Amino acid sequence: MRFLTADYLYPLHISPIKNGVLQISDKGEVVAIFKDRRSVPKDKIEIFQGVLCPGFVNAHCHLELSHLLGIADKGKGLIDFVRSAIRKRDDFTNEKIQLTIEKAEQQMIDNGIVAVGDICNTIDTLYQKKKRKIQYYNFIEAVQIYEEDVESTISRNLEIRNKFRQHGLQATVVPHSAYSCVPQLLTEISKISDEQDKIFTFHNQETPSENELFSLKSGIMFDWLNKLGASKVIWEKRNENSTKSVLTHFKIRKNFLLVHNTFTKKEEITNNYYCTCPKANLYIENTLPDYNIFDDTLLCVGTDSLASNNSLSILEELKLIQKNSQFDLNTLFKIASKNGAEALGFKELGTFERGKKPGVNLISDFKKVKVVA
Ligand SMILES: [Zn+2]
C-alpha cells in the first residue's frame with residue numbers, strides 16, 4: 001500500500017483537495033482518498049511538491065508516423081503538409097520506423113500518458129502495441145476519393161482491423177475526414193461496424209479550405225481534389241457543413257470524437273466529443289480553435305503525430321490551452337484525463353475513483369510531469 005500526497009490532489013470525479021492523500025495498492029489500484037493527512041499512518045506517507053492527477057489520455061495520435069518528425073515546413077497549411085508526408089513516407093526502412101515507434105511510445109509513457117486514441121493506416125504499430133505498455137484504442141483510418149475504389153479500401157481496412165483484433169486490441173474502422181472520403185465509403189464504414197466499436201473519430205474542420213469546399217465549392221482544397229481527379233460526389237449535393245456531411249451517413253447511433261475543429265463555429269457544435277491538438281494546429285495552420293465554443297465535459301486533447309509536433313506531451317498541449325482559454329486547472333486536467341478516458345471507453349482510467357487503475361502524475365509548477373505510480 002502507498003499513501004501519496006501533494007499540495008493538491010485532483011481526483012477529477014470530485015473537487016480538488018488541498019493536502020489530500022491518495023491510497024493506492026501495489027498494483028496501482030485506487031483504494032481510498034483522505035481529506036486529512038492526519039488520518040494516514042505518518043511513516044507511510046509520501047509527500048510531493050506540486051499536484052497529483054490521474055494519468056493522461058492522448059485522445060489523438062498517429063504513432064506510426066513517428067519517423068516523420070520535422071518533415072514539413074511550419075505554418076504552410078494542411079495541403080502542403082499532406083503533400084510533404086506523402087512525398088517522404090517511402091524514404092524509411094522498416095527498422096527505422098519500428099525504432100521511432102518504440103521511442104515515441106516511451107516518450108508518451110515518460111510524459112504520464114496511460115492511453116492513446118491512435119490512428120492507424122498500417123499495422124506498423126502492432127508489434128509495439130502487443131507489448132501492452134500503454135492502452136490503445138486503434139482507429140483504422142479509411143481514405144478514398146475515388147468512388148470506384150471504395151470496395152478495395154474497405155476490405156483493406158477490415159484486414160487491418162482484424163489483425164489488431166486478433167491480438168485482443170480494440171480496433172474500429174473510421175473515416176479520415178469529410179473531404180477525403182466519398183459518401184459511399186462513409187456508408188460502408190457504417191455498415192461494417194459491430195458491437196466492438198465504441199466510438200468513431202474523424203479529422204474535422206482543420207483548415208478553412210475544408211469549409212470552403214462544402215459551402216462554396218471552391219478554394220485550394222477544391223482545386224487540389226479536382227487536380228487529383230477526385231469523385232465530385234465528395235462536394236456535390238453536400239451543402240451541409242463538413243461535420244454534418246460525415247455524421248449524416250452513419251445510421252447507427254454511436255459516439256463520435258471530432259478532431260481539430262480549428263475552424264468550427266459555435267453553431268456547428270454537435271453533441272459529441274471534441275478533441276483539440278493545439279500544438280499541431282499551430283504547426284500546420286498557425287492558428288488555434290476558439291475554446292469558448294466547446295462543452296468542457298466533452299473536450300479531449302491529443303498530440304497528433306510527430307510529423308506535426310515536436311513532442312508527445314499532454315502537459316505541453318495543456319499549457320497552450322491554458323494560455324488561450326478561461327479553463328481552470330481542474331477543467332484542464334479533466335480535458336487531459338477524464339474526458340478522454342470516457343470518450344474512448346477506458347473505464348479504469350481518468351479519475352481517482354475507488355477501484356480504478358488510472359496511473360498517477362505529479363505536476364510541479366505546471367512545468368514537469370513525473371510519473372509516481
Ligand atoms: Zn491526425
# chains A, B, ... in the order shown; residues from 1 in each chain; ligands from 1
>>> residues_near_ligand(ligand="ligand 1", cutoff="9 Å", atoms="only C-alpha atoms and all ligand atoms", output="VMD selection string")
chain A and resid 60 to 62 118 to 119 176 202 to 203 259 to 260 277 280 302 to 305 308
>>> write_last_selection(atoms="C-alpha atoms", output="PDB file, in the first residue's frame")
ATOM      1  CA  HIS A  60      -5.483  11.683 -30.903  1.00  0.00           C
ATOM      2  CA  CYS A  61      -2.131  10.457 -32.150  1.00  0.00           C
ATOM      3  CA  HIS A  62      -0.624   8.746 -35.201  1.00  0.00           C
ATOM      4  CA  ASP A 118      -4.290   6.118 -32.183  1.00  0.00           C
ATOM      5  CA  ILE A 119      -4.906   6.467 -35.900  1.00  0.00           C
ATOM      6  CA  HIS A 176     -10.218  10.202 -42.222  1.00  0.00           C
ATOM      7  CA  PHE A 202     -12.507  11.834 -37.879  1.00  0.00           C
ATOM      8  CA  HIS A 203     -10.472  14.951 -38.615  1.00  0.00           C
ATOM      9  CA  VAL A 259     -10.573  16.062 -34.040  1.00  0.00           C
ATOM     10  CA  HIS A 260      -9.019  19.540 -34.516  1.00  0.00           C
ATOM     11  CA  CYS A 277      -4.476  19.271 -30.803  1.00  0.00           C
ATOM     12  CA  ALA A 280      -0.246  20.600 -34.248  1.00  0.00           C
ATOM     13  CA  GLY A 302      -4.364  14.964 -28.328  1.00  0.00           C
ATOM     14  CA  THR A 303      -0.819  15.445 -29.517  1.00  0.00           C
ATOM     15  CA  ASP A 304      -1.413  14.438 -33.141  1.00  0.00           C
ATOM     16  CA  SER A 305       1.714  12.863 -34.661  1.00  0.00           C
ATOM     17  CA  SER A 308       3.137  17.838 -36.947  1.00  0.00           C
TER      18      SER A 308
END
>>> residues_around(residues="segment 5-17 of chain A", least_positions_apart="5", cutoff="6 Å", atoms="only C-alpha atoms", output="CSV table (one decimal) with C-alpha atoms, in the first residue's frame")
chain,number,residue,atom,x,y,z
A,47,ILE,CA,4.8,13.8,0.4
A,48,PHE,CA,5.4,15.5,-3.0
A,49,GLN,CA,5.6,19.2,-4.0
A,50,GLY,CA,3.1,20.0,-6.7
A,51,VAL,CA,-0.2,18.5,-7.6
A,52,LEU,CA,-1.3,14.9,-8.2
A,53,CYS,CA,-3.7,14.0,-11.1
A,351,THR,CA,-10.2,9.7,-12.3
A,352,PHE,CA,-9.1,8.6,-8.8
>>> residues_around(residues="Leu349 of chain A", least_positions_apart="4", cutoff="8 Å", atoms="only C-alpha atoms", output="PDB file with N, CA and C atoms, in the first residue's frame")
ATOM      1  N   PRO A  54      -4.672  12.077 -12.250  1.00  0.00           N
ATOM      2  CA  PRO A  54      -4.639  10.771 -12.932  1.00  0.00           C
ATOM      3  C   PRO A  54      -3.793  10.811 -14.210  1.00  0.00           C
ATOM      4  N   GLY A  55      -3.336   9.660 -14.654  1.00  0.00           N
ATOM      5  CA  GLY A  55      -2.570   9.554 -15.895  1.00  0.00           C
ATOM      6  C   GLY A  55      -3.333  10.182 -17.060  1.00  0.00           C
ATOM      7  N   SER A 337      -7.496  13.948 -18.892  1.00  0.00           N
ATOM      8  CA  SER A 337      -7.621  12.566 -18.386  1.00  0.00           C
ATOM      9  C   SER A 337      -9.045  12.017 -18.472  1.00  0.00           C
ATOM     10  N   LYS A 338      -9.920  12.632 -17.689  1.00  0.00           N
ATOM     11  CA  LYS A 338     -11.278  12.089 -17.512  1.00  0.00           C
ATOM     12  C   LYS A 338     -12.056  12.028 -18.825  1.00  0.00           C
ATOM     13  N   ALA A 341     -10.714   9.462 -21.323  1.00  0.00           N
ATOM     14  CA  ALA A 341     -10.976   8.084 -20.871  1.00  0.00           C
ATOM     15  C   ALA A 341     -12.437   7.722 -21.130  1.00  0.00           C
ATOM     16  N   LYS A 356     -10.326   2.039  -9.659  1.00  0.00           N
ATOM     17  CA  LYS A 356      -9.680   2.317 -10.955  1.00  0.00           C
ATOM     18  C   LYS A 356      -8.170   2.183 -10.841  1.00  0.00           C
ATOM     19  N   LYS A 357      -7.525   2.036 -11.992  1.00  0.00           N
ATOM     20  CA  LYS A 357      -6.064   1.980 -12.042  1.00  0.00           C
ATOM     21  C   LYS A 357      -5.590   3.045 -13.027  1.00  0.00           C
ATOM     22  N   PRO A 358      -5.716   4.316 -12.648  1.00  0.00           N
ATOM     23  CA  PRO A 358      -5.560   5.391 -13.633  1.00  0.00           C
ATOM     24  C   PRO A 358      -4.132   5.873 -13.877  1.00  0.00           C
ATOM     25  N   GLY A 359      -3.161   5.397 -13.079  1.00  0.00           N
ATOM     26  CA  GLY A 359      -1.819   5.996 -13.122  1.00  0.00           C
ATOM     27  C   GLY A 359      -1.849   7.293 -12.327  1.00  0.00           C
TER      28      GLY A 359
END
>>> select_by_dssp(residues="segment 58-181 of chain A", states="helix (DSSP H, G or I)", output="PyMOL selection string")
chain A and resi 63-68+78-91+94-110+126-129+147-166
>>> write_last_selection(atoms="C-alpha atoms", output="PDB file, in the first residue's frame")
ATOM      1  CA  LEU A  63       2.106   6.657 -33.589  1.00  0.00           C
ATOM      2  CA  GLU A  64       3.019   5.067 -36.934  1.00  0.00           C
ATOM      3  CA  LEU A  65       4.107   8.476 -38.279  1.00  0.00           C
ATOM      4  CA  SER A  66       6.737   8.998 -35.573  1.00  0.00           C
ATOM      5  CA  HIS A  67       9.592   8.709 -38.092  1.00  0.00           C
ATOM      6  CA  LEU A  68       8.269  11.758 -39.962  1.00  0.00           C
ATOM      7  CA  LEU A  78      -2.749  21.372 -44.325  1.00  0.00           C
ATOM      8  CA  ILE A  79      -2.438  20.626 -48.039  1.00  0.00           C
ATOM      9  CA  ASP A  80       1.283  21.413 -48.082  1.00  0.00           C
ATOM     10  CA  PHE A  81       1.661  19.211 -45.000  1.00  0.00           C
ATOM     11  CA  VAL A  82      -0.135  16.238 -46.572  1.00  0.00           C
ATOM     12  CA  ARG A  83       1.931  16.589 -49.765  1.00  0.00           C
ATOM     13  CA  SER A  84       5.205  16.554 -47.769  1.00  0.00           C
ATOM     14  CA  ALA A  85       4.097  13.498 -45.804  1.00  0.00           C
ATOM     15  CA  ILE A  86       3.178  11.582 -48.986  1.00  0.00           C
ATOM     16  CA  ARG A  87       6.438  12.576 -50.694  1.00  0.00           C
ATOM     17  CA  LYS A  88       8.660  11.436 -47.829  1.00  0.00           C
ATOM     18  CA  ARG A  89       6.861   8.433 -46.410  1.00  0.00           C
ATOM     19  CA  ASP A  90       8.742   5.847 -48.502  1.00  0.00           C
ATOM     20  CA  ASP A  91      12.216   7.064 -47.555  1.00  0.00           C
ATOM     21  CA  ASN A  94      11.071  -0.797 -41.519  1.00  0.00           C
ATOM     22  CA  GLU A  95      13.766  -0.895 -38.800  1.00  0.00           C
ATOM     23  CA  LYS A  96      13.816   2.885 -38.614  1.00  0.00           C
ATOM     24  CA  ILE A  97      10.006   3.008 -38.434  1.00  0.00           C
ATOM     25  CA  GLN A  98       9.867   0.412 -35.630  1.00  0.00           C
ATOM     26  CA  LEU A  99      12.603   2.150 -33.657  1.00  0.00           C
ATOM     27  CA  THR A 100      10.891   5.546 -33.819  1.00  0.00           C
ATOM     28  CA  ILE A 101       7.558   3.978 -32.802  1.00  0.00           C
ATOM     29  CA  GLU A 102       9.193   2.426 -29.741  1.00  0.00           C
ATOM     30  CA  LYS A 103      10.896   5.700 -28.817  1.00  0.00           C
ATOM     31  CA  ALA A 104       7.740   7.744 -29.324  1.00  0.00           C
ATOM     32  CA  GLU A 105       5.751   5.402 -27.104  1.00  0.00           C
ATOM     33  CA  GLN A 106       8.421   5.660 -24.408  1.00  0.00           C
ATOM     34  CA  GLN A 107       8.203   9.444 -24.669  1.00  0.00           C
ATOM     35  CA  MET A 108       4.457   9.232 -24.022  1.00  0.00           C
ATOM     36  CA  ILE A 109       5.000   6.949 -21.018  1.00  0.00           C
ATOM     37  CA  ASP A 110       7.621   9.330 -19.582  1.00  0.00           C
ATOM     38  CA  LEU A 126       1.060  -3.644 -33.921  1.00  0.00           C
ATOM     39  CA  TYR A 127       4.380  -5.128 -32.794  1.00  0.00           C
ATOM     40  CA  GLN A 128       4.867  -2.399 -30.172  1.00  0.00           C
ATOM     41  CA  LYS A 129       1.249  -2.380 -29.041  1.00  0.00           C
ATOM     42  CA  GLU A 147     -15.892   6.055 -55.918  1.00  0.00           C
ATOM     43  CA  GLU A 148     -14.693   3.047 -57.916  1.00  0.00           C
ATOM     44  CA  ASP A 149     -12.113   2.119 -55.246  1.00  0.00           C
ATOM     45  CA  VAL A 150     -14.394   2.058 -52.204  1.00  0.00           C
ATOM     46  CA  GLU A 151     -14.708  -1.717 -52.111  1.00  0.00           C
ATOM     47  CA  SER A 152     -10.976  -2.405 -52.129  1.00  0.00           C
ATOM     48  CA  THR A 153     -10.414   0.290 -49.493  1.00  0.00           C
ATOM     49  CA  ILE A 154     -12.961  -1.247 -47.160  1.00  0.00           C
ATOM     50  CA  SER A 155     -11.535  -4.732 -47.499  1.00  0.00           C
ATOM     51  CA  ARG A 156      -8.013  -3.462 -46.810  1.00  0.00           C
ATOM     52  CA  ASN A 157      -9.240  -1.602 -43.729  1.00  0.00           C
ATOM     53  CA  LEU A 158     -11.117  -4.640 -42.493  1.00  0.00           C
ATOM     54  CA  GLU A 159      -7.985  -6.715 -42.898  1.00  0.00           C
ATOM     55  CA  ILE A 160      -6.015  -4.245 -40.733  1.00  0.00           C
ATOM     56  CA  ARG A 161      -8.833  -4.055 -38.180  1.00  0.00           C
ATOM     57  CA  ASN A 162      -8.914  -7.831 -37.873  1.00  0.00           C
ATOM     58  CA  LYS A 163      -5.148  -8.086 -37.407  1.00  0.00           C
ATOM     59  CA  PHE A 164      -5.400  -5.759 -34.398  1.00  0.00           C
ATOM     60  CA  ARG A 165      -8.424  -7.575 -33.050  1.00  0.00           C
ATOM     61  CA  GLN A 166      -6.722 -10.968 -33.417  1.00  0.00           C
TER      62      GLN A 166
END
>>> closest_residue(among="A:Arg2, A:Lys44, A:Lys232, A:Lys237", to="Val372 of chain A", atoms="only C-alpha atoms")
A:Arg2
>>> select_by_dssp(residues="segment 312-369 of chain A", states="strand (DSSP E)", output="PyMOL selection string")
chain A and resi 360-364+368-369
>>> residues_around(residues="segment 334-336 of chain A", least_positions_apart="2", cutoff="8 Å", atoms="only C-alpha atoms", output="PyMOL selection string")
chain A and resi 12+56-58+296-301+314+318+330-332+338-340+350
>>> write_last_selection(atoms="C-alpha atoms", output="PDB file, in the first residue's frame")
ATOM      1  CA  LEU A  12     -11.414  14.749 -11.157  1.00  0.00           C
ATOM      2  CA  PHE A  56      -3.188  11.413 -19.149  1.00  0.00           C
ATOM      3  CA  VAL A  57      -5.179  10.156 -22.137  1.00  0.00           C
ATOM      4  CA  ASN A  58      -3.811  11.229 -25.506  1.00  0.00           C
ATOM      5  CA  ASP A 296     -15.729  21.338 -21.413  1.00  0.00           C
ATOM      6  CA  THR A 297     -17.152  17.993 -20.248  1.00  0.00           C
ATOM      7  CA  LEU A 298     -16.826  16.646 -23.809  1.00  0.00           C
ATOM      8  CA  LEU A 299     -13.482  18.200 -24.730  1.00  0.00           C
ATOM      9  CA  CYS A 300     -10.398  15.959 -25.013  1.00  0.00           C
ATOM     10  CA  VAL A 301      -6.831  16.678 -26.020  1.00  0.00           C
ATOM     11  CA  ILE A 314      -0.250  16.285 -22.992  1.00  0.00           C
ATOM     12  CA  LEU A 318      -2.459  21.877 -21.759  1.00  0.00           C
ATOM     13  CA  ASN A 330      -9.345  21.231 -12.631  1.00  0.00           C
ATOM     14  CA  THR A 331     -11.042  21.582 -16.026  1.00  0.00           C
ATOM     15  CA  LEU A 332      -7.692  21.309 -17.815  1.00  0.00           C
ATOM     16  CA  LYS A 338     -11.278  12.089 -17.512  1.00  0.00           C
ATOM     17  CA  ASN A 339     -12.905  13.196 -20.757  1.00  0.00           C
ATOM     18  CA  GLY A 340     -10.544  11.227 -22.990  1.00  0.00           C
ATOM     19  CA  GLY A 350      -9.358   9.056 -15.973  1.00  0.00           C
TER      20      GLY A 350
END
>>> closest_residue(among="A:Asn292, A:Asn111, A:Asn309, A:Asn121", to="Asn324 of chain A", atoms="only C-alpha atoms")
A:Asn292
>>> closest_residue(among="A:Asn239, A:Gln170, A:Thr122, A:Ser325", to="Lys198 of chain A", atoms="only C-alpha atoms")
A:Gln170
>>> residues_around(residues="segment 222-231 of chain A", least_positions_apart="4", cutoff="7 Å", atoms="only C-alpha atoms", output="PyMOL selection string")
chain A and resi 145-147+213+217-218
>>> write_last_selection(atoms="N, CA and C atoms", output="compact mmCIF listing (two decimals), in the first residue's frame")
# COMPACT_ATOMS: atom_id res chain seq x y z
N ILE A 145 -10.89 8.88 -52.27
CA ILE A 145 -11.51 9.99 -53.01
C ILE A 145 -12.06 9.55 -54.37
N TYR A 146 -11.93 8.24 -54.68
CA TYR A 146 -12.47 7.72 -55.94
C TYR A 146 -13.56 6.69 -55.64
N GLU A 147 -14.75 6.95 -56.18
CA GLU A 147 -15.89 6.05 -55.92
C GLU A 147 -15.60 4.60 -56.28
N LEU A 213 -14.77 24.17 -49.37
CA LEU A 213 -15.11 23.08 -50.29
C LEU A 213 -16.60 22.76 -50.24
N LYS A 217 -17.89 25.42 -52.85
CA LYS A 217 -17.39 24.60 -53.97
C LYS A 217 -16.24 25.34 -54.69
N SER A 218 -15.35 25.84 -53.88
CA SER A 218 -14.15 26.50 -54.42
C SER A 218 -13.06 26.49 -53.34
>>> residues_around(residues="Asp197 of chain A", least_positions_apart="6", cutoff="12 Å", atoms="only C-alpha atoms", output="ChimeraX atom specification")
/A:137-140,161,165,169-174,189-191,252-256,344-345
>>> write_last_selection(atoms="C-alpha atoms", output="PDB file, in the first residue's frame")
ATOM      1  CA  TYR A 137      -7.950   2.466 -28.974  1.00  0.00           C
ATOM      2  CA  ASN A 138      -6.871   1.810 -32.567  1.00  0.00           C
ATOM      3  CA  PHE A 139      -8.743   3.779 -35.210  1.00  0.00           C
ATOM      4  CA  ILE A 140      -8.214   2.131 -38.577  1.00  0.00           C
ATOM      5  CA  ARG A 161      -8.833  -4.055 -38.180  1.00  0.00           C
ATOM      6  CA  ARG A 165      -8.424  -7.575 -33.050  1.00  0.00           C
ATOM      7  CA  LEU A 169      -6.541  -4.925 -29.332  1.00  0.00           C
ATOM      8  CA  GLN A 170      -9.503  -2.574 -29.693  1.00  0.00           C
ATOM      9  CA  ALA A 171      -9.904  -1.513 -33.322  1.00  0.00           C
ATOM     10  CA  THR A 172     -12.566   0.366 -35.274  1.00  0.00           C
ATOM     11  CA  VAL A 173     -12.599   1.429 -38.931  1.00  0.00           C
ATOM     12  CA  VAL A 174     -13.139   5.201 -39.152  1.00  0.00           C
ATOM     13  CA  ILE A 189     -17.840   2.076 -42.771  1.00  0.00           C
ATOM     14  CA  SER A 190     -21.160   2.391 -41.006  1.00  0.00           C
ATOM     15  CA  LYS A 191     -22.262  -0.998 -42.391  1.00  0.00           C
ATOM     16  CA  ILE A 252     -26.058   3.641 -36.229  1.00  0.00           C
ATOM     17  CA  ARG A 253     -26.048   5.781 -33.144  1.00  0.00           C
ATOM     18  CA  LYS A 254     -22.571   5.734 -31.678  1.00  0.00           C
ATOM     19  CA  ASN A 255     -20.346   8.364 -30.171  1.00  0.00           C
ATOM     20  CA  PHE A 256     -18.015  10.430 -32.290  1.00  0.00           C
ATOM     21  CA  LEU A 344     -12.525   6.115 -25.628  1.00  0.00           C
ATOM     22  CA  GLY A 345     -14.175   3.799 -23.100  1.00  0.00           C
TER      23      GLY A 345
END
>>> residues_around(residues="Pro278 of chain A", least_positions_apart="5", cutoff="8 Å", atoms="only C-alpha atoms", output="PyMOL selection string")
chain A and resi 260+288-289+303+317+320-321
>>> closest_residue(among="A:His249, A:Lys368, A:His167, A:Arg37", to="Gln23 of chain A", atoms="only C-alpha atoms")
A:Arg37
>>> closest_residue(among="A:Asp295, A:Asp194, A:Gln184, A:Pro208", to="Ser245 of chain A", atoms="only C-alpha atoms")
A:Gln184
>>> atom_distance(atom1="atom CA of Leu69 of chain A", atom2="atom CA of Ser313 of chain A")
14.5 Å
>>> atom_distance(atom1="atom CA of Thr243 of chain A", atom2="atom CA of Cys120 of chain A")
21.2 Å
>>> decode(residues="segment 146-169 of chain A", atoms="C-alpha atoms", output="short mmCIF file (atom, residue, chain, number, x, y, z; two decimals), in the first residue's frame")
data_model
loop_
_atom_site.label_atom_id
_atom_site.label_comp_id
_atom_site.auth_asym_id
_atom_site.auth_seq_id
_atom_site.Cartn_x
_atom_site.Cartn_y
_atom_site.Cartn_z
CA TYR A 146 -12.47 7.72 -55.94
CA GLU A 147 -15.89 6.05 -55.92
CA GLU A 148 -14.69 3.05 -57.92
CA ASP A 149 -12.11 2.12 -55.25
CA VAL A 150 -14.39 2.06 -52.20
CA GLU A 151 -14.71 -1.72 -52.11
CA SER A 152 -10.98 -2.40 -52.13
CA THR A 153 -10.41 0.29 -49.49
CA ILE A 154 -12.96 -1.25 -47.16
CA SER A 155 -11.54 -4.73 -47.50
CA ARG A 156 -8.01 -3.46 -46.81
CA ASN A 157 -9.24 -1.60 -43.73
CA LEU A 158 -11.12 -4.64 -42.49
CA GLU A 159 -7.99 -6.72 -42.90
CA ILE A 160 -6.02 -4.25 -40.73
CA ARG A 161 -8.83 -4.06 -38.18
CA ASN A 162 -8.91 -7.83 -37.87
CA LYS A 163 -5.15 -8.09 -37.41
CA PHE A 164 -5.40 -5.76 -34.40
CA ARG A 165 -8.42 -7.58 -33.05
CA GLN A 166 -6.72 -10.97 -33.42
CA HIS A 167 -4.28 -9.75 -30.78
CA GLY A 168 -7.04 -8.60 -28.47
CA LEU A 169 -6.54 -4.93 -29.33
#
